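Notes for the one structure printed next.
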Amino acid sequence: MPDRYAVFGHPIAHSKSPRIHAEFARQCGQKLVYEAILAPREGFSDAVRNFRNDGGRGCNVTVPFKEEAYSLCTRRTPRAEAAGAVNTLSFQGEDILGDNTDGAGLVRDLTLNLGMGLAGGDILLMGAGGAARGVILPLLECQPARLFIANRTAAKAEALAARFHIHGGGYADLAGKRFDLVINATAASLGGDLPPLPDALFAPGALAYDMMYGRDTPFLAFARECGARTADGLGMLVEQAAEAFFVWRGVRPDTAPVIAALREA
Ligand code: ATR
């Protein structure tokens with residue numbers, strides 16, 4: 001019997017994770033199956049418990065269950081603790097180990113796929129929700145000169161930044177500041193909105209990164225107009241999956257062909 005894995009979410013039908021993990025397994029010669037499971041909004045914990053009782057070895061967790069997954073764990077990695085959310089569960093005997101591979105996935109996409117040096121750079125992170133919080137510790141571990149958090153609700157950015165001993169504020173606080181990397185972790189792109197950004201935001205050679213993927217966003221269009229390099233979140237999606245695969249199986253798949261295949265599709 002192949003080892004069983006799954007991704008839980010609501011909705012989940014359009015998840016690319018089964019395809020990504022099937023490709024990783026094929027590439028690495030690992031015998032496993034990976035399915036997408038729709039958990040009821042009020043039934044996430046039960047769904048995971050059933051999956052585990054049926055022999056599941058681990059699972060990924062996506063919107064809206066990452067915080068609930070955090071509570072479900074008996075042990076957590078430091079990056080999951082910092083994120084306050086869990087996207088990767090490993091069932092080990094009685095233990096449920098919680099990890100969060102989103103930040104590592106973002107950092108690997110930025111550094112390995114996009115050739116962005118983060119050490120000593122000025123980084124702007126837009127947003128102060130779960131998506132933003134999930135990537136702060138791995139970004140700080142790259143030792144940027146500065147990581148500033150900007151959010152529509154400035155107080156939320158200030159509170160989140162304070163947890164990590166960095167600075168945060170509203171978009172008005174960005175006047176006069178320039179960044180080498182600007183990451184959009186807001187939900188603004190979903191509604192076709194653009195946070196109010198000053199024109200002179202991007203340093204020469206800067207990269208604008210939208211965590212959303214699959215369509216051009218107002219943020220990326222704005223960044224292009226300002227002369228910045230742009231990237232969407234498809235690489236992060238594949239890299240966070242590869243990091244989860246590594247957590248479970250101890251082998252690192254080659255992500256480049258998987259990213260290329262998804263982009264073509
Ligand atoms: P997620 O888990 O995806 O981060 P969330 O916790 O709901 O989702 O957070 C959404 C983030 O997108 C917040 O930072 C939100 O700003 P507020 O805290 O001010 O609500 C931000 N956001 C959503 N729509 C936005 C918009 N149209 N312009 C700017 N920021 C927006």
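Quick note on naming: the chains in the structure tokens go A, B, ... in the order shown, residues restart at 1 in each chain, and ligands are numbered from 1 in order of appearance.
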
Closest-contact table, chain A side, partner ligand 1, 7 Å, counting only C-alpha atoms and all ligand atoms, as a tab-separated table:
residue	atom	partner	partner_atom_place_in_ligand_line	distance
A:Gly127	CA	ligand 1	14 (O)	3.5
A:Ala128	CA	ligand 1	14 (O)	3.9
A:Gly129	CA	ligand 1	6 (O)	3.3
A:Gly130	CA	ligand 1	2 (O)	3.6
A:Ala131	CA	ligand 1	4 (O)	3.8
A:Ala132	CA	ligand 1	4 (O)	5.7
A:Asn151	CA	ligand 1	14 (O)	5.5
A:Arg152	CA	ligand 1	19 (O)	3.8
A:Thr153	CA	ligand 1	19 (O)	3.7
A:Lys156	CA	ligand 1	18 (O)	6.2
A:Ala185	CA	ligand 1	4 (O)	6.3
A:Thr186	CA	ligand 1	12 (O)	3.3
A:Ala187	CA	ligand 1	12 (O)	4.0
A:Ala188	CA	ligand 1	25 (C)	3.8
A:Gly191	CA	ligand 1	27 (N)	6.7
A:Asp193	CA	ligand 1	27 (N)	5.1
A:Leu194	CA	ligand 1	28 (N)	6.0
A:Pro195	CA	ligand 1	29 (C)	4.5

Compile the contact shell of stretch 209-226 of chain A as a CSV table (one decimal) with N, CA and C atoms, in the first residue's frame: residues with an atom at most 7 Å away, counting only C-alpha atoms, same-chain residues fewer than 6 positions apart removed.
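selection36.csv written:
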chain,number,residue,atom,x,y,z
A,182,VAL,N,9.4,44.2,-2.8
A,182,VAL,CA,8.0,44.5,-2.2
A,182,VAL,C,7.2,43.2,-2.4
A,183,ILE,N,6.7,42.7,-1.3
A,183,ILE,CA,5.9,41.5,-1.3
A,183,ILE,C,4.4,41.8,-1.0
A,184,ASN,N,3.5,41.4,-1.9
A,184,ASN,CA,2.1,41.7,-1.6
A,184,ASN,C,1.5,40.4,-1.0
A,185,ALA,N,1.2,40.5,0.3
A,185,ALA,CA,0.6,39.4,1.0
A,185,ALA,C,-0.8,39.9,1.5
A,189,SER,N,-5.5,41.9,-4.2
A,189,SER,CA,-5.5,41.4,-5.6
A,189,SER,C,-6.7,40.6,-5.9
A,192,GLY,N,-9.2,42.7,-7.2
A,192,GLY,CA,-8.8,43.6,-8.2
A,192,GLY,C,-8.3,45.0,-7.7
A,193,ASP,N,-8.0,45.0,-6.4
A,193,ASP,CA,-7.6,46.3,-5.8
A,193,ASP,C,-6.1,46.5,-5.7
A,194,LEU,N,-5.7,47.7,-5.6
A,194,LEU,CA,-4.3,48.0,-5.4
A,194,LEU,C,-4.1,48.8,-4.1
A,199,ASP,N,4.7,56.3,-5.9
A,199,ASP,CA,5.4,55.9,-7.2
A,199,ASP,C,6.8,55.5,-6.9
A,232,ASP,N,4.8,36.4,-9.8
A,232,ASP,CA,3.6,36.0,-9.1
A,232,ASP,C,4.0,34.8,-8.1
A,233,GLY,N,3.0,34.3,-7.4
A,233,GLY,CA,3.2,33.4,-6.4
A,233,GLY,C,3.3,31.9,-6.8
A,234,LEU,N,3.3,31.6,-8.1
A,234,LEU,CA,3.3,30.2,-8.5
A,234,LEU,C,4.5,29.4,-8.0

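Every protein, DNA or RNA residue with an atom at most 10 Å from A:Gly117, where only C-alpha atoms count and chain neighbours fewer than 2 positions away do not, is listed here: Val107, Leu110, Thr111, Leu112, Leu114, Gly115, Ala119, Gly120, Gly121, Cys142, Pro144, Asp180 and Leu181 of chain A.
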
Notebook entry, point to check: Nearest to A:Arg108: which of A:Gly58, A:Ser90, A:Val135, A:Ala161 is it, counting only C-alpha atoms?
Noted result: A:Val135

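Look at A:Ile12: the protein and nucleic acid residues within 9 Å of it, using only C-alpha atoms and passing over chain neighbours fewer than 6 places away, are Ala36, Ile37, Leu38, Ala39, Thr62 and Val63 of chain A.
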
Take the selection from the previous step and output its residues with N, CA and C atoms, as a PDB file, in the first residue's frame.
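Contents of result08.pdb, freshly written:
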ATOM      1  N   ALA A  36      -7.027  15.506  -2.624  1.00  0.00           N
ATOM      2  CA  ALA A  36      -7.612  16.746  -2.105  1.00  0.00           C
ATOM      3  C   ALA A  36      -8.894  16.395  -1.363  1.00  0.00           C
ATOM      4  N   ILE A  37      -9.021  16.865  -0.122  1.00  0.00           N
ATOM      5  CA  ILE A  37     -10.210  16.555   0.678  1.00  0.00           C
ATOM      6  C   ILE A  37     -10.912  17.852   1.093  1.00  0.00           C
ATOM      7  N   LEU A  38     -12.177  17.936   0.748  1.00  0.00           N
ATOM      8  CA  LEU A  38     -13.002  19.074   1.152  1.00  0.00           C
ATOM      9  C   LEU A  38     -13.476  18.825   2.576  1.00  0.00           C
ATOM     10  N   ALA A  39     -13.009  19.629   3.519  1.00  0.00           N
ATOM     11  CA  ALA A  39     -13.471  19.494   4.902  1.00  0.00           C
ATOM     12  C   ALA A  39     -14.611  20.477   5.122  1.00  0.00           C
ATOM     13  N   THR A  62      -4.921  24.139   3.921  1.00  0.00           N
ATOM     14  CA  THR A  62      -5.004  25.445   3.291  1.00  0.00           C
ATOM     15  C   THR A  62      -6.222  26.201   3.808  1.00  0.00           C
ATOM     16  N   VAL A  63      -6.512  27.332   3.184  1.00  0.00           N
ATOM     17  CA  VAL A  63      -7.587  28.226   3.617  1.00  0.00           C
ATOM     18  C   VAL A  63      -8.887  27.449   3.791  1.00  0.00           C
TER      19      VAL A  63
END

Margin query: For the helix (DSSP H, G or I) assignment from backbone DSSP, which residues of stretch 180-248 of chain A qualify? Please present them as number ranges by chain.
Written below: A: 188-191, 199-201, 218-225, 234-248

With only C-alpha atoms as the counted atoms, please give the residues lying no more than 9 Å from stretch 166-179 of chain A, apart from itself and same-chain residues fewer than 5 positions off, as a compact mmCIF listing (two decimals) with N, CA, C and O atoms, in the first residue's frame.
# COMPACT_ATOMS: atom_id res chain seq x y z
N GLY A 121 19.21 43.68 2.20
CA GLY A 121 18.24 44.40 1.37
C GLY A 121 17.13 45.04 2.19
O GLY A 121 16.93 44.72 3.36
N ASP A 122 16.42 45.96 1.54
CA ASP A 122 15.25 46.61 2.16
C ASP A 122 13.99 45.94 1.63
O ASP A 122 13.72 45.99 0.43
N ILE A 123 13.23 45.33 2.52
CA ILE A 123 12.04 44.57 2.12
C ILE A 123 10.78 45.22 2.68
O ILE A 123 10.74 45.59 3.86
N LEU A 124 9.77 45.33 1.82
CA LEU A 124 8.45 45.78 2.27
C LEU A 124 7.49 44.60 2.15
O LEU A 124 7.38 43.97 1.10
N MET A 126 3.56 43.81 2.43
CA MET A 126 2.23 44.43 2.52
C MET A 126 1.22 43.41 3.03
O MET A 126 1.11 42.32 2.49
N ARG A 146 16.35 45.71 6.46
CA ARG A 146 15.10 46.20 7.04
C ARG A 146 13.95 45.39 6.46
O ARG A 146 13.93 45.08 5.26
N LEU A 147 13.00 45.06 7.31
CA LEU A 147 11.73 44.47 6.86
C LEU A 147 10.63 45.33 7.47
O LEU A 147 10.47 45.37 8.69
N PHE A 148 9.90 46.04 6.61
CA PHE A 148 8.83 46.93 7.07
C PHE A 148 7.50 46.30 6.69
O PHE A 148 7.34 45.79 5.58
N ILE A 149 6.53 46.33 7.62
CA ILE A 149 5.20 45.79 7.33
C ILE A 149 4.23 46.94 7.16
O ILE A 149 4.10 47.79 8.06
N ALA A 150 3.56 47.00 6.01
CA ALA A 150 2.55 48.05 5.78
C ALA A 150 1.19 47.39 5.63
O ALA A 150 1.06 46.35 4.99
N ASN A 151 0.18 48.03 6.21
CA ASN A 151 -1.17 47.47 6.12
C ASN A 151 -2.21 48.58 6.10
O ASN A 151 -1.98 49.66 6.63
N ARG A 152 -3.35 48.28 5.45
CA ARG A 152 -4.47 49.23 5.38
C ARG A 152 -4.84 49.67 6.79
O ARG A 152 -4.99 50.85 7.09
N THR A 153 -5.00 48.70 7.69
CA THR A 153 -5.23 49.00 9.09
C THR A 153 -3.86 49.07 9.76
O THR A 153 -3.27 48.04 10.10
N ALA A 154 -3.38 50.29 9.94
CA ALA A 154 -1.99 50.47 10.38
C ALA A 154 -1.73 49.79 11.73
O ALA A 154 -0.65 49.20 11.95
N ALA A 155 -2.70 49.84 12.62
CA ALA A 155 -2.49 49.28 13.96
C ALA A 155 -2.19 47.78 13.91
O ALA A 155 -1.41 47.27 14.72
N LYS A 156 -2.79 47.10 12.94
CA LYS A 156 -2.52 45.65 12.80
C LYS A 156 -1.08 45.41 12.37
O LYS A 156 -0.43 44.47 12.83
N ALA A 157 -0.59 46.25 11.46
CA ALA A 157 0.80 46.11 11.02
C ALA A 157 1.76 46.42 12.17
O ALA A 157 2.76 45.72 12.36
N GLU A 158 1.41 47.44 12.95
CA GLU A 158 2.27 47.81 14.08
C GLU A 158 2.33 46.68 15.10
O GLU A 158 3.40 46.33 15.60
N ALA A 159 1.18 46.08 15.38
CA ALA A 159 1.13 44.99 16.37
C ALA A 159 1.89 43.77 15.87
O ALA A 159 2.64 43.13 16.63
N LEU A 160 1.72 43.44 14.60
CA LEU A 160 2.41 42.27 14.04
C LEU A 160 3.91 42.52 14.01
O LEU A 160 4.71 41.64 14.40
N ALA A 161 4.31 43.71 13.59
CA ALA A 161 5.74 44.03 13.52
C ALA A 161 6.38 43.96 14.91
O ALA A 161 7.49 43.45 15.07
N PRO A 195 -3.30 48.39 -3.17
CA PRO A 195 -3.07 49.24 -2.00
C PRO A 195 -2.48 50.58 -2.46
O PRO A 195 -1.79 50.63 -3.48
N PRO A 196 -2.75 51.65 -1.74
CA PRO A 196 -2.27 52.98 -2.16
C PRO A 196 -0.77 53.13 -1.96
O PRO A 196 -0.31 53.43 -0.86
N LEU A 197 -0.01 52.91 -3.02
CA LEU A 197 1.45 52.92 -2.93
C LEU A 197 2.03 54.16 -3.60
O LEU A 197 1.54 54.58 -4.65
N PRO A 198 3.08 54.74 -3.02
CA PRO A 198 3.74 55.87 -3.69
C PRO A 198 4.52 55.39 -4.92
O PRO A 198 4.97 54.24 -4.97
N ALA A 200 7.46 56.26 -6.04
CA ALA A 200 8.91 56.09 -5.85
C ALA A 200 9.23 54.99 -4.84
O ALA A 200 10.14 55.10 -4.04
N LEU A 201 8.47 53.89 -4.89
CA LEU A 201 8.59 52.83 -3.88
C LEU A 201 9.75 51.89 -4.18
O LEU A 201 10.36 51.33 -3.28
N PHE A 202 10.03 51.71 -5.49
CA PHE A 202 10.97 50.66 -5.89
C PHE A 202 12.38 51.21 -6.10
O PHE A 202 12.57 52.17 -6.86
N ALA A 203 13.35 50.61 -5.45
CA ALA A 203 14.76 50.95 -5.70
C ALA A 203 15.14 50.42 -7.08
O ALA A 203 14.46 49.53 -7.60
N PRO A 204 16.22 50.92 -7.68
CA PRO A 204 16.64 50.39 -8.98
C PRO A 204 16.87 48.87 -8.89
O PRO A 204 17.47 48.39 -7.93
N ALA A 206 14.61 46.63 -8.36
CA ALA A 206 13.74 46.01 -7.34
C ALA A 206 12.85 44.92 -7.95
O ALA A 206 12.56 44.92 -9.15
N LEU A 207 12.42 44.02 -7.08
CA LEU A 207 11.49 42.96 -7.47
C LEU A 207 10.17 43.16 -6.75
O LEU A 207 10.14 43.41 -5.53

Next item on the list: Considering only C-alpha atoms, return as a list in words whatever protein or nucleic-acid residues lie within 9 Å of A:Thr255, sequence-local ones (same chain, fewer than 5 positions apart) excluded.
Entry: Phe24, Gly235, Val238, Glu239, Ala242 and Ala260 of chain A

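For the residues A:Val61, A:Ala47, A:Ala261, A:Leu137, ranking by smallest atom-to-atom distance to A:Glu81 using only C-alpha atoms places A:Leu137 first.
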
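Shortest atom-to-atom contact with A:Phe51 among A:Val33, A:Ala25, A:Cys73, A:Ala6: A:Ala6, counting only C-alpha atoms.
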
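For the pair atom CA of A:Gln30 and atom CA of A:Val7, the separation is 17.7 Å.
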
Margin query: Given only C-alpha atoms as the basis, pick out the residue of A:Phe65, A:Gly205, A:Pro257, A:Leu97 nearest to A:Pro40.
Written below: A:Phe65
